[in-house]
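Undergrad: Handing you a structure now.
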Amino acid sequence: MAGQLYDLSEHLRENCVSLQTREHLRDEVLCYIKDCNSGMDDELYELAFATCCTDADLRTLAQRFEQLDGFSRRRAMEIYRQIGADEHYLRLRQKRMEYGPDYVDLTEFFWERGDQQRALQVAQQGLKQATGALDGLRSFLAQRAREEGNRHKYLQLEFSRLAAKRLTLQNYRNFKKLCSEDEWRRYEPRVLKLLSDAPAVVQIDILLERKQLQSAVELFSECSYPSDGYRLGDSRLLKLAEMLQKEFPEQILKFYCSGLRDIDITAPRKKYAEQAEILAKVRHLMLQVMDDRQRWEKLAGKIKRENHNKPAFQQEFALVIPDWDQLG
């Protein structure tokens, strides 16, 4: 059905269809939109717009949208703005001024109309009164401050954008890049305060960026090896561990071994496979980095003996540990 609606929209755009036919089809489509239970809202709205060939058609559609639900009224507002029916746009827009994007929309409207002073007033008002995402407003005001050459205000707004976001290595880099050396010296302590509230993997990433390797590896004591499927950031955490294991083998070994704490508990074969992969990392670290075969054989032999009565366990570990069969 969705495909048929798409094909019909394309047909209306590419062919000359009588006004009477388009109006009749528009009426039918609006009935389905009003019911709000078709499951194909996007396709229906697209078809409704396809019935319009002129600004007059769009104005009529906007008037019909105003009689429906809130989403349709927002579409009506967009149409009025598009065709230059500013009074109607403002009438609808000013009834709904709650969230940051609402203020962004009105700010951009005034800016496009050349009323820069009014645009700035709306943006500043939005920062004080709006709820939800405010990044668009801060971005707009930051760009204006930059154009005016007001570095102080520009960096204040950019820092407020950084503080409102989830701190990442890329966000950290982006903000530092905006600053001169003197500006970075002023803002660096404030940025580092944000770092303490970030997830451990982000803190480690940024500490490595700052060449603070000791502080970075110490954070691994607060982390457990990810299990039961990786969460967002877990693969990065493992990559960071690999980067640090040569210089800090004992700390990273302890982190790897945190994933083996339940290795003596009976579990599904999938869990055994995950634990085997962890032990393979331990083996590489002990043999290739620490050059301590005796320690490896003692640890792995103990794990093998304590789980000797689990055939599935032994099979999964033998698949990934090269010397598993030779371990005592």
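Every chain in the structure tokens takes a letter, A first, then B, and so on in the order presented; its residues are numbered from 1, and the ligands are numbered from 1 following the presented order.
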Taking only segment 211-246 of chain A into account, list the residues labelled alpha helix (DSSP H) by DSSP (computed from the backbone), as number ranges by chain.
TA: A: 213-218, 234-244
Undergrad: Restrict the selected residues to C-alpha atoms and save them as a PDB file, in the first residue's frame.
TA:
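What landed in part31.pdb:
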ATOM      1  CA  LEU A 213      48.847   7.755  30.655  1.00  0.00           C
ATOM      2  CA  GLN A 214      49.130   6.956  34.359  1.00  0.00           C
ATOM      3  CA  SER A 215      45.836   8.653  35.159  1.00  0.00           C
ATOM      4  CA  ALA A 216      44.227   6.894  32.205  1.00  0.00           C
ATOM      5  CA  VAL A 217      45.289   3.392  33.204  1.00  0.00           C
ATOM      6  CA  GLU A 218      44.237   3.953  36.820  1.00  0.00           C
ATOM      7  CA  ASP A 234      32.755  -1.270  25.272  1.00  0.00           C
ATOM      8  CA  SER A 235      34.650  -2.019  22.056  1.00  0.00           C
ATOM      9  CA  ARG A 236      36.500   1.294  22.461  1.00  0.00           C
ATOM     10  CA  LEU A 237      37.371   0.370  26.062  1.00  0.00           C
ATOM     11  CA  LEU A 238      38.971  -2.877  24.864  1.00  0.00           C
ATOM     12  CA  LYS A 239      40.887  -1.002  22.186  1.00  0.00           C
ATOM     13  CA  LEU A 240      42.223   1.415  24.775  1.00  0.00           C
ATOM     14  CA  ALA A 241      43.278  -1.508  26.965  1.00  0.00           C
ATOM     15  CA  GLU A 242      45.272  -2.936  24.064  1.00  0.00           C
ATOM     16  CA  MET A 243      46.941   0.448  23.552  1.00  0.00           C
ATOM     17  CA  LEU A 244      48.074   0.566  27.195  1.00  0.00           C
TER      18      LEU A 244
END
Undergrad: Do you know which residues are at most 9 Å from Thr266 of chain A counting only C-alpha atoms, after dropping those on the same chain fewer than 4 positions away, and could you put them as a PyMOL selection string?
TA: chain A and resi 262+272+307+310+313
Undergrad: Would you output that residue set with N, CA, C and O atoms, as a PDB file, in the first residue's frame?
TA:
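As written to disk, again-v4.pdb reads:
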ATOM      1  N   ASP A 262      33.590 -15.207  37.102  1.00  0.00           N
ATOM      2  CA  ASP A 262      32.572 -16.255  37.231  1.00  0.00           C
ATOM      3  C   ASP A 262      32.912 -17.474  36.388  1.00  0.00           C
ATOM      4  O   ASP A 262      32.022 -18.231  35.992  1.00  0.00           O
ATOM      5  N   TYR A 272      30.751 -19.603  27.726  1.00  0.00           N
ATOM      6  CA  TYR A 272      32.070 -20.219  27.706  1.00  0.00           C
ATOM      7  C   TYR A 272      32.919 -19.655  26.559  1.00  0.00           C
ATOM      8  O   TYR A 272      34.121 -19.403  26.721  1.00  0.00           O
ATOM      9  N   ASN A 307      37.433 -26.780  35.875  1.00  0.00           N
ATOM     10  CA  ASN A 307      36.269 -26.952  34.997  1.00  0.00           C
ATOM     11  C   ASN A 307      36.377 -28.234  34.162  1.00  0.00           C
ATOM     12  O   ASN A 307      35.799 -28.332  33.085  1.00  0.00           O
ATOM     13  N   LYS A 310      33.184 -30.117  32.617  1.00  0.00           N
ATOM     14  CA  LYS A 310      32.283 -29.375  31.724  1.00  0.00           C
ATOM     15  C   LYS A 310      32.753 -29.566  30.282  1.00  0.00           C
ATOM     16  O   LYS A 310      33.620 -28.819  29.801  1.00  0.00           O
ATOM     17  N   PHE A 313      32.584 -26.461  28.040  1.00  0.00           N
ATOM     18  CA  PHE A 313      33.608 -25.500  28.453  1.00  0.00           C
ATOM     19  C   PHE A 313      34.954 -25.874  27.826  1.00  0.00           C
ATOM     20  O   PHE A 313      35.627 -25.036  27.205  1.00  0.00           O
TER      21      PHE A 313
END
Undergrad: If we count only C-alpha atoms, what is near segment 166-171 of chain A at a cut-off of 8 Å, once residues fewer than 5 positions away on the same chain are taken out, given as a PyMOL selection string?
TA: chain A and resi 194-195+198+202+205-206
Undergrad: So how many Å separate atom CA of Pro189 of chain A and atom CA of Phe175 of chain A, to one decimal?
TA: 13.1 Å
Undergrad: Do you know which residues are at most 12 Å from Pro311 of chain A counting only C-alpha atoms, after dropping those on the same chain fewer than 6 positions away, and could you put them as a short mmCIF file (atom, residue, chain, number, x, y, z; two decimals) with all heavy atoms, in the first residue's frame?
TA:
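Writing the result to out34.cif gives the following:
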data_model
loop_
_atom_site.label_atom_id
_atom_site.label_comp_id
_atom_site.auth_asym_id
_atom_site.auth_seq_id
_atom_site.Cartn_x
_atom_site.Cartn_y
_atom_site.Cartn_z
N THR A 266 28.71 -22.87 36.17
CA THR A 266 28.12 -23.50 34.99
C THR A 266 27.29 -22.49 34.22
O THR A 266 26.48 -21.75 34.80
CB THR A 266 27.24 -24.69 35.40
OG1 THR A 266 28.05 -25.64 36.10
CG2 THR A 266 26.63 -25.36 34.18
N ALA A 267 27.52 -22.43 32.91
CA ALA A 267 26.86 -21.41 32.08
C ALA A 267 26.58 -21.97 30.70
O ALA A 267 27.03 -23.07 30.35
CB ALA A 267 27.77 -20.18 31.98
N PRO A 268 25.82 -21.25 29.88
CA PRO A 268 25.57 -21.68 28.49
C PRO A 268 26.88 -21.69 27.70
O PRO A 268 27.84 -20.99 28.04
CB PRO A 268 24.60 -20.62 27.95
CG PRO A 268 24.01 -19.98 29.16
CD PRO A 268 25.07 -20.03 30.22
N ARG A 269 26.88 -22.44 26.61
CA ARG A 269 28.07 -22.55 25.77
C ARG A 269 28.53 -21.16 25.28
O ARG A 269 29.73 -20.89 25.16
CB ARG A 269 27.78 -23.45 24.58
CG ARG A 269 28.98 -23.68 23.66
CD ARG A 269 28.61 -24.58 22.50
NE ARG A 269 28.50 -25.96 22.91
CZ ARG A 269 29.50 -26.85 22.90
NH1 ARG A 269 30.71 -26.46 22.51
NH2 ARG A 269 29.31 -28.10 23.27
N TYR A 272 30.75 -19.60 27.73
CA TYR A 272 32.07 -20.22 27.71
C TYR A 272 32.92 -19.66 26.56
O TYR A 272 34.12 -19.40 26.72
CB TYR A 272 31.97 -21.73 27.56
CG TYR A 272 31.29 -22.44 28.72
CD1 TYR A 272 30.59 -23.63 28.52
CD2 TYR A 272 31.37 -21.94 30.01
CE1 TYR A 272 29.98 -24.30 29.57
CE2 TYR A 272 30.75 -22.60 31.07
CZ TYR A 272 30.05 -23.77 30.84
OH TYR A 272 29.45 -24.42 31.89
N LYS A 304 41.60 -24.76 33.81
CA LYS A 304 41.25 -26.01 33.13
C LYS A 304 40.86 -27.10 34.12
O LYS A 304 39.85 -27.80 33.93
CB LYS A 304 42.43 -26.47 32.27
CG LYS A 304 42.13 -27.73 31.46
CD LYS A 304 43.31 -28.12 30.60
CE LYS A 304 42.97 -29.38 29.80
NZ LYS A 304 44.10 -29.80 28.95
N PHE A 317 37.11 -23.65 24.94
CA PHE A 317 38.45 -23.12 25.25
C PHE A 317 39.51 -23.73 24.33
O PHE A 317 40.46 -23.05 23.93
CB PHE A 317 38.78 -23.36 26.72
CG PHE A 317 38.22 -22.30 27.63
CD1 PHE A 317 36.85 -22.20 27.83
CD2 PHE A 317 39.04 -21.38 28.25
CE1 PHE A 317 36.31 -21.21 28.66
CE2 PHE A 317 38.52 -20.39 29.07
CZ PHE A 317 37.16 -20.30 29.28
N ALA A 318 39.33 -24.98 23.97
CA ALA A 318 40.29 -25.63 23.06
C ALA A 318 40.27 -24.99 21.68
O ALA A 318 41.27 -25.03 20.95
CB ALA A 318 40.00 -27.12 22.97
#
Undergrad: Between A:Ala123, A:Ile204, A:Leu162, A:Ile263, single out the one closest to Gln275 of chain A, counting only C-alpha atoms.
TA: A:Ile263
Undergrad: In Å, rounded to a single decimal, give me how far atom CA of Arg173 of chain A is from atom CA of Ser160 of chain A.
TA: 15.3 Å
Undergrad: Write out as an MDAnalysis selection string which residues come within 9 Å of segment 154-159 of chain A when counting only C-alpha atoms, dropping same-chain ones fewer than 5 positions away.
TA: chainID A and resid 138:139 141:146 149 164 175 178:179 183 187 190:191
Undergrad: Given the selection you just returned, output its residues as a file containing C-alpha atoms, formatted as a short mmCIF file (atom, residue, chain, number, x, y, z; two decimals), in the first residue's frame.
TA:
data_model
loop_
_atom_site.label_atom_id
_atom_site.label_comp_id
_atom_site.auth_asym_id
_atom_site.auth_seq_id
_atom_site.Cartn_x
_atom_site.Cartn_y
_atom_site.Cartn_z
CA ARG A 138 23.33 28.57 21.31
CA SER A 139 24.76 27.72 17.90
CA LEU A 141 23.97 33.12 18.87
CA ALA A 142 27.54 31.83 18.82
CA GLN A 143 27.71 32.30 15.06
CA ARG A 144 26.40 35.85 15.38
CA ALA A 145 28.97 36.66 18.08
CA ARG A 146 31.72 35.26 15.89
CA GLY A 149 34.13 39.67 16.38
CA ALA A 164 25.24 20.71 27.66
CA PHE A 175 36.37 22.99 21.42
CA LEU A 178 38.36 26.85 18.56
CA CYS A 179 40.63 28.36 21.19
CA GLU A 183 41.91 31.09 25.51
CA TYR A 187 38.92 27.30 29.57
CA ARG A 190 36.42 24.26 33.15
CA VAL A 191 36.59 21.55 30.50
#
